[in-house]
Amino acid sequence: MNHTSNDKELLKQQNRIRFIHAAQELIENGDLERVSIRRIAEKAGFHNSTIYLYFEDVDQLILLSSLKYFNEYSKALSELSTKDLTPLETFIKIWDFFAQTVFRKPKIFYNFFFGKHSENLTRIMKQYYELFPEEQEEYSPEIEDMYYGQNIRERCLKVLELLIGTDTRVNEETIGLINDINVSYFKYLLQQKCQNPSLDSDILKDKLLKMLHFIIS
């Protein structure tokens with residue numbers, strides 16, 4: 001790659017970052033539904049159509065911009081990777097950290113896990129960390145597989161696999177059904193929080209954890 005190509009690629013990367021920062025600021029200061037191409041481009045200092053030079057659509061840009069809200073969860077998982085816990089303890093801790101994160105920003109995470117590009121999370125996350133490598137944490141192999149899962153079902157399935165061979169209901173025959181129940185109940189609670197933001201996040205988290213204990217015990 002020659003010098004000119006390097007300069008073009010660097011400019012492209014810088015412009016992507018400008019768009020993401022602009023979208024993050026709008027998401028933080030307003031309602032997710034009101035974040036539009038026009039508003040993002042205006043804040044980033046570009047014409048509306050320029051966004052398509054760097055992103056597939058505004059939904060992909062919003063998904064990339066949402067990843068900064070994973071930072072606290074990412075750090076918690078990275079620390080968890082260093083601890084000597086049983087598979088069941090690890091399973092519950094992962095869900096605990098996850099619930100603490102998502103119920104704080106329900107619309108952002110509902111869009112992330114159940115929105116337009118929610119079947120391509122691995123690609124989205126890798127794109128984001130190429131732009132913001134300083135935010136990327138290190139994990140143990142089993143947690144890394146879960147963290148970079150293609151979609152919410154794949155991520156949750158990876159966590160459940162920790163319990164195969166333990167004194168729980170989780171085995172090769174039941175794991176698919178248990179995973180569907182876990183994801184469906186999580187989606188239901190997240191929908192409730194989106195529709196009624198005044199719902200207590202800790203109560204929702206406790207409901208989720210009680211269901212998980214019930215379904216795997």
# chains A, B, ... in the order shown; residues from 1 in each chain; ligands from 1
$ select_by_dssp --residues "segment 15-205 of chain A" --states "helix (DSSP H, G or I)" --output "compact mmCIF listing (two decimals) with N, CA, C and O atoms, in the first residue's frame"
# COMPACT_ATOMS: atom_id res chain seq x y z
N ASN A 15 -12.89 9.68 9.85
CA ASN A 15 -14.26 10.10 9.57
C ASN A 15 -15.28 9.15 10.19
O ASN A 15 -16.33 9.59 10.68
N ARG A 16 -14.97 7.85 10.15
CA ARG A 16 -15.86 6.90 10.83
C ARG A 16 -15.95 7.22 12.32
O ARG A 16 -17.04 7.19 12.91
N ILE A 17 -14.81 7.52 12.92
CA ILE A 17 -14.79 7.86 14.34
C ILE A 17 -15.59 9.13 14.61
O ILE A 17 -16.33 9.21 15.60
N ARG A 18 -15.47 10.12 13.73
CA ARG A 18 -16.24 11.36 13.89
C ARG A 18 -17.74 11.08 13.86
O ARG A 18 -18.51 11.61 14.67
N PHE A 19 -18.16 10.24 12.93
CA PHE A 19 -19.58 9.87 12.84
C PHE A 19 -20.03 9.15 14.11
O PHE A 19 -21.12 9.42 14.64
N ILE A 20 -19.22 8.23 14.59
CA ILE A 20 -19.59 7.46 15.79
C ILE A 20 -19.67 8.37 17.01
O ILE A 20 -20.62 8.28 17.80
N HIS A 21 -18.71 9.27 17.17
CA HIS A 21 -18.75 10.20 18.30
C HIS A 21 -19.99 11.10 18.22
O HIS A 21 -20.63 11.37 19.26
N ALA A 22 -20.34 11.54 17.02
CA ALA A 22 -21.52 12.39 16.85
C ALA A 22 -22.79 11.62 17.23
O ALA A 22 -23.66 12.13 17.95
N ALA A 23 -22.87 10.37 16.77
CA ALA A 23 -24.05 9.55 17.09
C ALA A 23 -24.12 9.26 18.59
O ALA A 23 -25.20 9.30 19.19
N GLN A 24 -22.97 8.99 19.20
CA GLN A 24 -22.94 8.72 20.65
C GLN A 24 -23.44 9.93 21.45
O GLN A 24 -24.19 9.77 22.41
N GLU A 25 -23.04 11.10 21.03
CA GLU A 25 -23.47 12.32 21.73
C GLU A 25 -24.99 12.50 21.60
O GLU A 25 -25.67 12.83 22.59
N LEU A 26 -25.54 12.26 20.43
CA LEU A 26 -26.98 12.38 20.22
C LEU A 26 -27.75 11.32 21.01
O LEU A 26 -28.80 11.60 21.60
N ILE A 27 -27.22 10.08 21.02
CA ILE A 27 -27.87 9.01 21.78
C ILE A 27 -27.88 9.35 23.26
O ILE A 27 -28.88 9.16 23.96
N GLU A 28 -26.77 9.87 23.75
CA GLU A 28 -26.64 10.19 25.18
C GLU A 28 -27.57 11.33 25.58
O GLU A 28 -28.11 11.32 26.69
N ASN A 29 -27.78 12.27 24.69
CA ASN A 29 -28.54 13.47 25.04
C ASN A 29 -30.00 13.45 24.62
O ASN A 29 -30.72 14.43 24.84
N LEU A 32 -33.40 7.61 21.49
CA LEU A 32 -32.78 6.83 20.41
C LEU A 32 -33.59 6.93 19.11
O LEU A 32 -33.02 7.01 18.02
N GLU A 33 -34.92 6.95 19.23
CA GLU A 33 -35.77 6.99 18.03
C GLU A 33 -35.62 8.29 17.25
O GLU A 33 -35.95 8.37 16.07
N ARG A 34 -35.11 9.33 17.88
CA ARG A 34 -34.98 10.63 17.23
C ARG A 34 -33.59 10.85 16.61
O ARG A 34 -33.31 11.89 16.05
N ILE A 37 -30.14 10.29 10.35
CA ILE A 37 -28.97 10.54 9.49
C ILE A 37 -28.67 12.03 9.44
O ILE A 37 -27.51 12.45 9.55
N ARG A 38 -29.71 12.83 9.26
CA ARG A 38 -29.51 14.28 9.15
C ARG A 38 -28.87 14.85 10.40
O ARG A 38 -27.90 15.63 10.31
N ARG A 39 -29.35 14.47 11.57
CA ARG A 39 -28.83 15.02 12.82
C ARG A 39 -27.40 14.56 13.07
O ARG A 39 -26.56 15.32 13.54
N ILE A 40 -27.12 13.29 12.77
CA ILE A 40 -25.75 12.77 12.97
C ILE A 40 -24.78 13.48 12.03
O ILE A 40 -23.71 13.94 12.46
N ALA A 41 -25.15 13.56 10.76
CA ALA A 41 -24.27 14.19 9.76
C ALA A 41 -24.02 15.65 10.11
O ALA A 41 -22.89 16.15 9.99
N GLU A 42 -25.06 16.35 10.52
CA GLU A 42 -24.92 17.76 10.89
C GLU A 42 -23.94 17.93 12.04
O GLU A 42 -23.07 18.81 12.02
N LYS A 43 -24.08 17.07 13.06
CA LYS A 43 -23.18 17.17 14.22
C LYS A 43 -21.75 16.79 13.85
O LYS A 43 -20.79 17.35 14.37
N ALA A 44 -21.59 15.83 12.93
CA ALA A 44 -20.25 15.39 12.53
C ALA A 44 -19.61 16.34 11.52
O ALA A 44 -18.41 16.27 11.27
N ASN A 48 -25.55 14.69 4.54
CA ASN A 48 -26.28 13.45 4.88
C ASN A 48 -25.78 12.22 4.12
O ASN A 48 -25.59 11.15 4.70
N SER A 49 -25.58 12.39 2.82
CA SER A 49 -25.24 11.24 1.97
C SER A 49 -23.86 10.66 2.28
O SER A 49 -23.58 9.50 1.94
N THR A 50 -23.02 11.43 2.94
CA THR A 50 -21.65 10.99 3.22
C THR A 50 -21.62 9.76 4.11
O THR A 50 -20.68 8.95 4.04
N ILE A 51 -22.63 9.58 4.92
CA ILE A 51 -22.67 8.45 5.86
C ILE A 51 -22.53 7.11 5.13
O ILE A 51 -21.91 6.17 5.64
N TYR A 52 -23.06 7.05 3.89
CA TYR A 52 -23.05 5.78 3.15
C TYR A 52 -21.67 5.44 2.56
O TYR A 52 -21.48 4.34 2.05
N LEU A 53 -20.74 6.36 2.68
CA LEU A 53 -19.36 6.06 2.29
C LEU A 53 -18.65 5.25 3.37
O LEU A 53 -17.63 4.59 3.10
N VAL A 58 -27.85 3.94 8.69
CA VAL A 58 -27.82 4.59 10.00
C VAL A 58 -27.95 3.57 11.13
O VAL A 58 -27.42 3.77 12.23
N ASP A 59 -28.62 2.45 10.87
CA ASP A 59 -28.79 1.41 11.90
C ASP A 59 -27.45 0.79 12.28
O ASP A 59 -27.18 0.53 13.45
N GLN A 60 -26.60 0.56 11.27
CA GLN A 60 -25.28 0.02 11.57
C GLN A 60 -24.45 1.03 12.37
O GLN A 60 -23.76 0.66 13.32
N LEU A 61 -24.55 2.30 12.00
CA LEU A 61 -23.83 3.34 12.74
C LEU A 61 -24.30 3.42 14.18
O LEU A 61 -23.48 3.53 15.10
N ILE A 62 -25.60 3.35 14.40
CA ILE A 62 -26.14 3.41 15.76
C ILE A 62 -25.67 2.20 16.57
O ILE A 62 -25.33 2.31 17.75
N LEU A 63 -25.64 1.03 15.94
CA LEU A 63 -25.17 -0.17 16.63
C LEU A 63 -23.71 -0.02 17.06
O LEU A 63 -23.34 -0.33 18.20
N LEU A 64 -22.88 0.46 16.15
CA LEU A 64 -21.46 0.71 16.47
C LEU A 64 -21.34 1.73 17.60
O LEU A 64 -20.53 1.57 18.52
N SER A 65 -22.15 2.76 17.55
CA SER A 65 -22.11 3.81 18.57
C SER A 65 -22.58 3.32 19.93
O SER A 65 -22.18 3.86 20.96
N SER A 66 -23.40 2.27 19.93
CA SER A 66 -23.93 1.73 21.19
C SER A 66 -22.89 0.96 21.98
O SER A 66 -23.06 0.74 23.18
N LEU A 67 -21.82 0.54 21.32
CA LEU A 67 -20.87 -0.35 21.98
C LEU A 67 -20.11 0.29 23.12
O LEU A 67 -19.56 -0.41 23.97
N LYS A 68 -20.08 1.60 23.18
CA LYS A 68 -19.40 2.24 24.32
C LYS A 68 -20.10 1.91 25.63
O LYS A 68 -19.50 1.94 26.70
N TYR A 69 -21.40 1.56 25.54
CA TYR A 69 -22.16 1.23 26.75
C TYR A 69 -21.82 -0.16 27.27
O TYR A 69 -22.29 -0.56 28.33
N PHE A 70 -21.00 -0.90 26.53
CA PHE A 70 -20.53 -2.20 27.00
C PHE A 70 -19.30 -2.10 27.88
O PHE A 70 -18.86 -3.10 28.44
N ASN A 71 -18.70 -0.93 27.99
CA ASN A 71 -17.39 -0.80 28.64
C ASN A 71 -17.36 -1.37 30.05
O ASN A 71 -16.47 -2.13 30.42
N GLU A 72 -18.34 -0.98 30.86
CA GLU A 72 -18.35 -1.46 32.25
C GLU A 72 -18.55 -2.97 32.31
O GLU A 72 -17.89 -3.68 33.08
N TYR A 73 -19.45 -3.48 31.47
CA TYR A 73 -19.70 -4.92 31.39
C TYR A 73 -18.44 -5.65 30.92
O TYR A 73 -18.08 -6.70 31.45
N SER A 74 -17.76 -5.08 29.93
CA SER A 74 -16.53 -5.69 29.40
C SER A 74 -15.46 -5.80 30.47
O SER A 74 -14.79 -6.84 30.58
N LYS A 75 -15.31 -4.75 31.26
CA LYS A 75 -14.31 -4.78 32.35
C LYS A 75 -14.67 -5.83 33.38
O LYS A 75 -13.80 -6.55 33.90
N ALA A 76 -15.96 -5.94 33.71
CA ALA A 76 -16.41 -6.94 34.69
C ALA A 76 -16.12 -8.35 34.18
O ALA A 76 -15.66 -9.22 34.94
N LEU A 77 -16.37 -8.60 32.90
CA LEU A 77 -16.10 -9.92 32.33
C LEU A 77 -14.61 -10.22 32.29
O LEU A 77 -14.18 -11.35 32.53
N SER A 78 -13.81 -9.20 31.98
CA SER A 78 -12.37 -9.39 31.95
C SER A 78 -11.84 -9.78 33.34
O SER A 78 -11.01 -10.69 33.47
N GLU A 79 -12.36 -9.12 34.37
CA GLU A 79 -11.97 -9.47 35.74
C GLU A 79 -12.45 -10.87 36.11
O GLU A 79 -11.75 -11.63 36.79
N LEU A 80 -13.64 -11.22 35.64
CA LEU A 80 -14.20 -12.54 35.91
C LEU A 80 -13.31 -13.64 35.33
O LEU A 80 -13.19 -14.73 35.90
N PRO A 87 -18.37 -23.47 37.31
CA PRO A 87 -19.15 -23.12 36.11
C PRO A 87 -20.48 -22.43 36.44
O PRO A 87 -20.86 -21.47 35.76
N LEU A 88 -21.16 -22.90 37.48
CA LEU A 88 -22.44 -22.29 37.86
C LEU A 88 -22.23 -20.86 38.36
O LEU A 88 -23.00 -19.95 38.00
N GLU A 89 -21.22 -20.64 39.18
CA GLU A 89 -20.92 -19.29 39.66
C GLU A 89 -20.59 -18.36 38.49
O GLU A 89 -21.04 -17.21 38.46
N THR A 90 -19.81 -18.87 37.54
CA THR A 90 -19.47 -18.06 36.37
C THR A 90 -20.71 -17.72 35.56
O THR A 90 -20.90 -16.57 35.13
N PHE A 91 -21.57 -18.70 35.35
CA PHE A 91 -22.81 -18.51 34.60
C PHE A 91 -23.67 -17.40 35.22
O PHE A 91 -24.12 -16.48 34.53
N ILE A 92 -23.87 -17.48 36.53
CA ILE A 92 -24.72 -16.50 37.22
C ILE A 92 -24.07 -15.12 37.21
O ILE A 92 -24.73 -14.10 37.00
N LYS A 93 -22.75 -15.06 37.42
CA LYS A 93 -22.05 -13.77 37.43
C LYS A 93 -22.16 -13.08 36.06
O LYS A 93 -22.36 -11.87 35.99
N ILE A 94 -22.00 -13.84 34.99
CA ILE A 94 -22.09 -13.25 33.65
C ILE A 94 -23.47 -12.63 33.45
O ILE A 94 -23.59 -11.49 33.00
N TRP A 95 -24.51 -13.38 33.79
CA TRP A 95 -25.87 -12.85 33.63
C TRP A 95 -26.12 -11.65 34.56
O TRP A 95 -26.81 -10.70 34.19
N ASP A 96 -25.57 -11.71 35.76
CA ASP A 96 -25.72 -10.60 36.72
C ASP A 96 -25.11 -9.31 36.14
O ASP A 96 -25.76 -8.26 36.10
N PHE A 97 -23.86 -9.39 35.69
CA PHE A 97 -23.20 -8.22 35.09
C PHE A 97 -23.97 -7.73 33.87
O PHE A 97 -24.15 -6.53 33.66
N PHE A 98 -24.43 -8.69 33.05
CA PHE A 98 -25.14 -8.36 31.82
C PHE A 98 -26.44 -7.60 32.13
O PHE A 98 -26.74 -6.57 31.53
N ALA A 99 -27.21 -8.12 33.09
CA ALA A 99 -28.49 -7.49 33.45
C ALA A 99 -28.27 -6.09 34.02
O ALA A 99 -29.03 -5.16 33.70
N GLN A 100 -27.24 -5.92 34.85
CA GLN A 100 -26.94 -4.60 35.40
C GLN A 100 -26.71 -3.60 34.27
O GLN A 100 -27.11 -2.43 34.36
N THR A 101 -26.05 -4.05 33.22
CA THR A 101 -25.72 -3.17 32.09
C THR A 101 -26.94 -2.84 31.24
O THR A 101 -27.24 -1.67 31.00
N VAL A 102 -27.65 -3.86 30.78
CA VAL A 102 -28.69 -3.64 29.77
C VAL A 102 -29.91 -2.92 30.32
O VAL A 102 -30.54 -2.13 29.60
N PRO A 106 -32.17 0.44 28.33
CA PRO A 106 -32.96 -0.62 27.70
C PRO A 106 -33.19 -0.45 26.21
O PRO A 106 -33.10 -1.42 25.44
N LYS A 107 -33.48 0.77 25.74
CA LYS A 107 -33.76 0.97 24.31
C LYS A 107 -32.51 0.72 23.48
O LYS A 107 -32.58 0.14 22.38
N ILE A 108 -31.38 1.16 23.99
CA ILE A 108 -30.12 0.96 23.27
C ILE A 108 -29.82 -0.53 23.12
O ILE A 108 -29.47 -1.02 22.04
N PHE A 109 -30.00 -1.28 24.21
CA PHE A 109 -29.65 -2.70 24.16
C PHE A 109 -30.73 -3.54 23.48
O PHE A 109 -30.42 -4.58 22.89
N TYR A 110 -31.98 -3.09 23.55
CA TYR A 110 -33.02 -3.81 22.80
C TYR A 110 -32.72 -3.70 21.31
O TYR A 110 -32.80 -4.69 20.57
N ASN A 111 -32.36 -2.51 20.87
CA ASN A 111 -31.99 -2.31 19.47
C ASN A 111 -30.75 -3.12 19.11
O ASN A 111 -30.66 -3.71 18.02
N PHE A 112 -29.79 -3.18 20.03
CA PHE A 112 -28.54 -3.89 19.77
C PHE A 112 -28.79 -5.39 19.59
O PHE A 112 -28.30 -6.00 18.63
N PHE A 113 -29.59 -5.99 20.49
CA PHE A 113 -29.76 -7.44 20.47
C PHE A 113 -30.95 -7.93 19.65
O PHE A 113 -31.01 -9.11 19.29
N PHE A 114 -31.90 -7.04 19.35
CA PHE A 114 -33.08 -7.49 18.63
C PHE A 114 -33.44 -6.57 17.44
O PHE A 114 -34.51 -6.69 16.87
N LEU A 121 -23.57 -9.41 15.07
CA LEU A 121 -22.90 -8.72 16.17
C LEU A 121 -21.39 -8.94 16.16
O LEU A 121 -20.63 -8.04 16.52
N THR A 122 -20.94 -10.13 15.76
CA THR A 122 -19.50 -10.40 15.73
C THR A 122 -18.79 -9.39 14.82
O THR A 122 -17.79 -8.78 15.20
N ARG A 123 -19.34 -9.21 13.63
CA ARG A 123 -18.73 -8.27 12.67
C ARG A 123 -18.79 -6.83 13.20
O ARG A 123 -17.81 -6.09 13.11
N ILE A 124 -19.92 -6.46 13.77
CA ILE A 124 -20.09 -5.10 14.30
C ILE A 124 -19.06 -4.83 15.39
O ILE A 124 -18.40 -3.78 15.42
N MET A 125 -18.90 -5.79 16.30
CA MET A 125 -18.00 -5.59 17.43
C MET A 125 -16.55 -5.53 16.97
O MET A 125 -15.76 -4.72 17.48
N LYS A 126 -16.18 -6.35 16.01
CA LYS A 126 -14.81 -6.32 15.52
C LYS A 126 -14.51 -5.00 14.81
O LYS A 126 -13.42 -4.45 14.94
N GLN A 127 -15.50 -4.50 14.07
CA GLN A 127 -15.32 -3.19 13.41
C GLN A 127 -15.11 -2.09 14.46
O GLN A 127 -14.25 -1.22 14.28
N TYR A 128 -15.88 -2.16 15.52
CA TYR A 128 -15.78 -1.12 16.55
C TYR A 128 -14.41 -1.15 17.23
O TYR A 128 -13.76 -0.11 17.40
N TYR A 129 -13.94 -2.34 17.59
CA TYR A 129 -12.67 -2.42 18.31
C TYR A 129 -11.46 -2.19 17.41
O TYR A 129 -10.37 -1.91 17.92
N GLU A 130 -11.64 -2.29 16.10
CA GLU A 130 -10.57 -1.85 15.20
C GLU A 130 -10.42 -0.33 15.25
O GLU A 130 -9.32 0.20 15.11
N LEU A 131 -11.54 0.37 15.48
CA LEU A 131 -11.51 1.83 15.58
C LEU A 131 -11.13 2.30 16.98
O LEU A 131 -10.51 3.34 17.14
N PRO A 133 -9.37 0.41 19.75
CA PRO A 133 -8.69 -0.73 20.37
C PRO A 133 -8.44 -0.55 21.87
O PRO A 133 -8.31 -1.53 22.61
N GLU A 134 -8.38 0.71 22.31
CA GLU A 134 -8.12 0.97 23.73
C GLU A 134 -9.27 0.51 24.63
O GLU A 134 -9.10 0.34 25.84
N GLU A 135 -10.45 0.29 24.03
CA GLU A 135 -11.61 -0.14 24.82
C GLU A 135 -11.73 -1.66 24.89
O GLU A 135 -12.56 -2.19 25.62
N PRO A 141 -10.80 -17.90 27.09
CA PRO A 141 -11.34 -18.36 25.80
C PRO A 141 -12.86 -18.56 25.80
O PRO A 141 -13.53 -18.15 24.85
N GLU A 142 -13.42 -19.17 26.86
CA GLU A 142 -14.86 -19.44 26.86
C GLU A 142 -15.68 -18.15 26.95
O GLU A 142 -16.75 -18.03 26.34
N ILE A 143 -15.18 -17.17 27.68
CA ILE A 143 -15.89 -15.90 27.78
C ILE A 143 -15.73 -15.10 26.49
O ILE A 143 -16.67 -14.44 26.04
N GLU A 144 -14.58 -15.19 25.87
CA GLU A 144 -14.37 -14.48 24.60
C GLU A 144 -15.32 -15.00 23.53
O GLU A 144 -15.91 -14.22 22.76
N ASP A 145 -15.53 -16.32 23.46
CA ASP A 145 -16.46 -16.90 22.51
C ASP A 145 -17.86 -16.36 22.71
O ASP A 145 -18.59 -16.09 21.75
N MET A 146 -18.26 -16.20 23.97
CA MET A 146 -19.58 -15.68 24.29
C MET A 146 -19.68 -14.20 23.94
O MET A 146 -20.64 -13.76 23.31
N TYR A 147 -18.66 -13.44 24.32
CA TYR A 147 -18.70 -11.98 24.15
C TYR A 147 -18.83 -11.60 22.68
O TYR A 147 -19.52 -10.65 22.33
N ILE A 152 -27.70 -12.75 20.00
CA ILE A 152 -27.98 -12.95 21.42
C ILE A 152 -28.16 -14.43 21.76
O ILE A 152 -27.72 -14.88 22.81
N ARG A 153 -28.75 -15.20 20.85
CA ARG A 153 -28.95 -16.63 21.13
C ARG A 153 -27.61 -17.37 21.19
O ARG A 153 -27.40 -18.22 22.05
N GLU A 154 -26.73 -17.04 20.26
CA GLU A 154 -25.42 -17.69 20.25
C GLU A 154 -24.62 -17.31 21.50
O GLU A 154 -23.96 -18.16 22.12
N ARG A 155 -24.69 -16.05 21.91
CA ARG A 155 -23.98 -15.60 23.10
C ARG A 155 -24.49 -16.34 24.34
O ARG A 155 -23.69 -16.83 25.16
N CYS A 156 -25.81 -16.41 24.47
CA CYS A 156 -26.40 -17.06 25.65
C CYS A 156 -26.14 -18.56 25.65
O CYS A 156 -25.96 -19.17 26.72
N LEU A 157 -26.12 -19.16 24.45
CA LEU A 157 -25.84 -20.59 24.35
C LEU A 157 -24.42 -20.90 24.84
O LEU A 157 -24.19 -21.90 25.53
N LYS A 158 -23.47 -20.04 24.48
CA LYS A 158 -22.08 -20.24 24.92
C LYS A 158 -21.98 -20.23 26.44
O LYS A 158 -21.20 -20.98 27.04
N VAL A 159 -22.76 -19.36 27.09
CA VAL A 159 -22.73 -19.31 28.55
C VAL A 159 -23.34 -20.58 29.14
O VAL A 159 -22.83 -21.14 30.11
N LEU A 160 -24.43 -21.06 28.53
CA LEU A 160 -25.07 -22.28 29.01
C LEU A 160 -24.16 -23.50 28.88
O LEU A 160 -24.21 -24.42 29.69
N GLU A 161 -23.34 -23.51 27.84
CA GLU A 161 -22.46 -24.66 27.62
C GLU A 161 -21.50 -24.88 28.78
O GLU A 161 -21.00 -25.99 28.98
N LEU A 162 -21.26 -23.83 29.57
CA LEU A 162 -20.42 -23.98 30.76
C LEU A 162 -21.01 -24.99 31.73
O LEU A 162 -20.29 -25.60 32.53
N LEU A 163 -22.35 -25.17 31.67
CA LEU A 163 -23.04 -26.00 32.67
C LEU A 163 -23.21 -27.46 32.25
O LEU A 163 -23.67 -28.27 33.05
N ILE A 175 -30.30 -28.27 26.25
CA ILE A 175 -29.66 -26.95 26.19
C ILE A 175 -30.35 -25.99 25.21
O ILE A 175 -30.50 -24.79 25.50
N GLY A 176 -30.82 -26.51 24.07
CA GLY A 176 -31.47 -25.64 23.10
C GLY A 176 -32.76 -25.04 23.63
O GLY A 176 -33.01 -23.83 23.49
N LEU A 177 -33.58 -25.88 24.27
CA LEU A 177 -34.85 -25.41 24.83
C LEU A 177 -34.61 -24.42 25.96
O LEU A 177 -35.25 -23.37 26.04
N ILE A 178 -33.68 -24.75 26.86
CA ILE A 178 -33.37 -23.86 27.98
C ILE A 178 -32.88 -22.51 27.46
O ILE A 178 -33.26 -21.45 27.97
N ASN A 179 -32.06 -22.54 26.42
CA ASN A 179 -31.55 -21.29 25.87
C ASN A 179 -32.67 -20.45 25.28
O ASN A 179 -32.72 -19.23 25.47
N ASP A 180 -33.60 -21.08 24.56
CA ASP A 180 -34.74 -20.34 24.00
C ASP A 180 -35.56 -19.68 25.11
O ASP A 180 -36.00 -18.54 24.96
N ILE A 181 -35.77 -20.39 26.21
CA ILE A 181 -36.53 -19.84 27.34
C ILE A 181 -35.78 -18.65 27.95
O ILE A 181 -36.37 -17.60 28.22
N ASN A 182 -34.48 -18.81 28.15
CA ASN A 182 -33.68 -17.73 28.75
C ASN A 182 -33.73 -16.46 27.90
O ASN A 182 -33.94 -15.36 28.41
N VAL A 183 -33.52 -16.63 26.59
CA VAL A 183 -33.50 -15.47 25.69
C VAL A 183 -34.88 -14.82 25.62
O VAL A 183 -35.01 -13.59 25.66
N SER A 184 -35.93 -15.65 25.55
CA SER A 184 -37.30 -15.11 25.46
C SER A 184 -37.68 -14.33 26.71
O SER A 184 -38.30 -13.26 26.61
N TYR A 185 -37.31 -14.84 27.87
CA TYR A 185 -37.65 -14.13 29.11
C TYR A 185 -36.84 -12.85 29.25
O TYR A 185 -37.37 -11.81 29.67
N PHE A 186 -35.58 -12.91 28.88
CA PHE A 186 -34.75 -11.70 28.89
C PHE A 186 -35.35 -10.65 27.95
O PHE A 186 -35.48 -9.47 28.32
N LYS A 187 -35.75 -11.06 26.76
CA LYS A 187 -36.36 -10.12 25.79
C LYS A 187 -37.64 -9.52 26.36
O LYS A 187 -37.89 -8.30 26.22
N TYR A 188 -38.45 -10.34 27.00
CA TYR A 188 -39.70 -9.86 27.60
C TYR A 188 -39.43 -8.79 28.66
O TYR A 188 -40.07 -7.72 28.65
N LEU A 189 -38.48 -9.04 29.56
CA LEU A 189 -38.16 -8.06 30.60
C LEU A 189 -37.60 -6.77 30.01
O LEU A 189 -37.92 -5.67 30.48
N LEU A 190 -36.76 -6.90 29.00
CA LEU A 190 -36.19 -5.72 28.36
C LEU A 190 -37.28 -4.89 27.66
O LEU A 190 -37.25 -3.66 27.71
N GLN A 191 -38.24 -5.57 27.05
CA GLN A 191 -39.37 -4.88 26.44
C GLN A 191 -40.17 -4.12 27.50
O GLN A 191 -40.60 -2.98 27.27
N GLN A 192 -40.37 -4.76 28.64
CA GLN A 192 -41.11 -4.11 29.73
C GLN A 192 -40.40 -2.83 30.17
O GLN A 192 -41.04 -1.80 30.39
N LYS A 193 -39.09 -2.89 30.29
CA LYS A 193 -38.31 -1.72 30.70
C LYS A 193 -38.35 -0.62 29.63
O LYS A 193 -38.42 0.57 29.97
N CYS A 194 -38.33 -1.01 28.36
CA CYS A 194 -38.41 -0.02 27.27
C CYS A 194 -39.76 0.71 27.31
O CYS A 194 -39.83 1.92 27.12
N GLN A 195 -40.82 -0.05 27.56
CA GLN A 195 -42.16 0.53 27.56
C GLN A 195 -42.44 1.33 28.83
O GLN A 195 -43.23 2.28 28.79
N SER A 201 -34.75 -1.31 37.84
CA SER A 201 -33.82 -2.20 37.14
C SER A 201 -33.34 -3.34 38.02
O SER A 201 -33.14 -4.47 37.54
N ASP A 202 -33.15 -3.08 39.31
CA ASP A 202 -32.69 -4.14 40.22
C ASP A 202 -33.75 -5.22 40.38
O ASP A 202 -33.44 -6.41 40.47
N ILE A 203 -35.02 -4.82 40.40
CA ILE A 203 -36.10 -5.80 40.49
C ILE A 203 -36.15 -6.66 39.23
O ILE A 203 -36.31 -7.88 39.30
N LEU A 204 -35.98 -6.02 38.08
CA LEU A 204 -35.96 -6.78 36.82
C LEU A 204 -34.78 -7.74 36.78
O LEU A 204 -34.91 -8.89 36.33
N LYS A 205 -33.63 -7.28 37.25
CA LYS A 205 -32.45 -8.15 37.29
C LYS A 205 -32.70 -9.35 38.20
O LYS A 205 -32.38 -10.49 37.85
$ atom_distance --atom1 "atom CA of Asp31 of chain A" --atom2 "atom CA of Leu199 of chain A"
17.6 Å
$ closest_residue --among "A:Thr174, A:Ser118, A:Ser198, A:Thr166" --to "Asn151 of chain A" --atoms "only C-alpha atoms"
A:Ser118
$ closest_residue --among "A:Arg104, A:Lys116, A:Ile216, A:Leu11" --to "Asp57 of chain A" --atoms "only C-alpha atoms"
A:Lys116
$ atom_distance --atom1 "atom CA of Thr82 of chain A" --atom2 "atom CA of Glu119 of chain A"
29.4 Å
$ atom_distance --atom1 "atom CA of Glu173 of chain A" --atom2 "atom CA of Leu85 of chain A"
25.2 Å
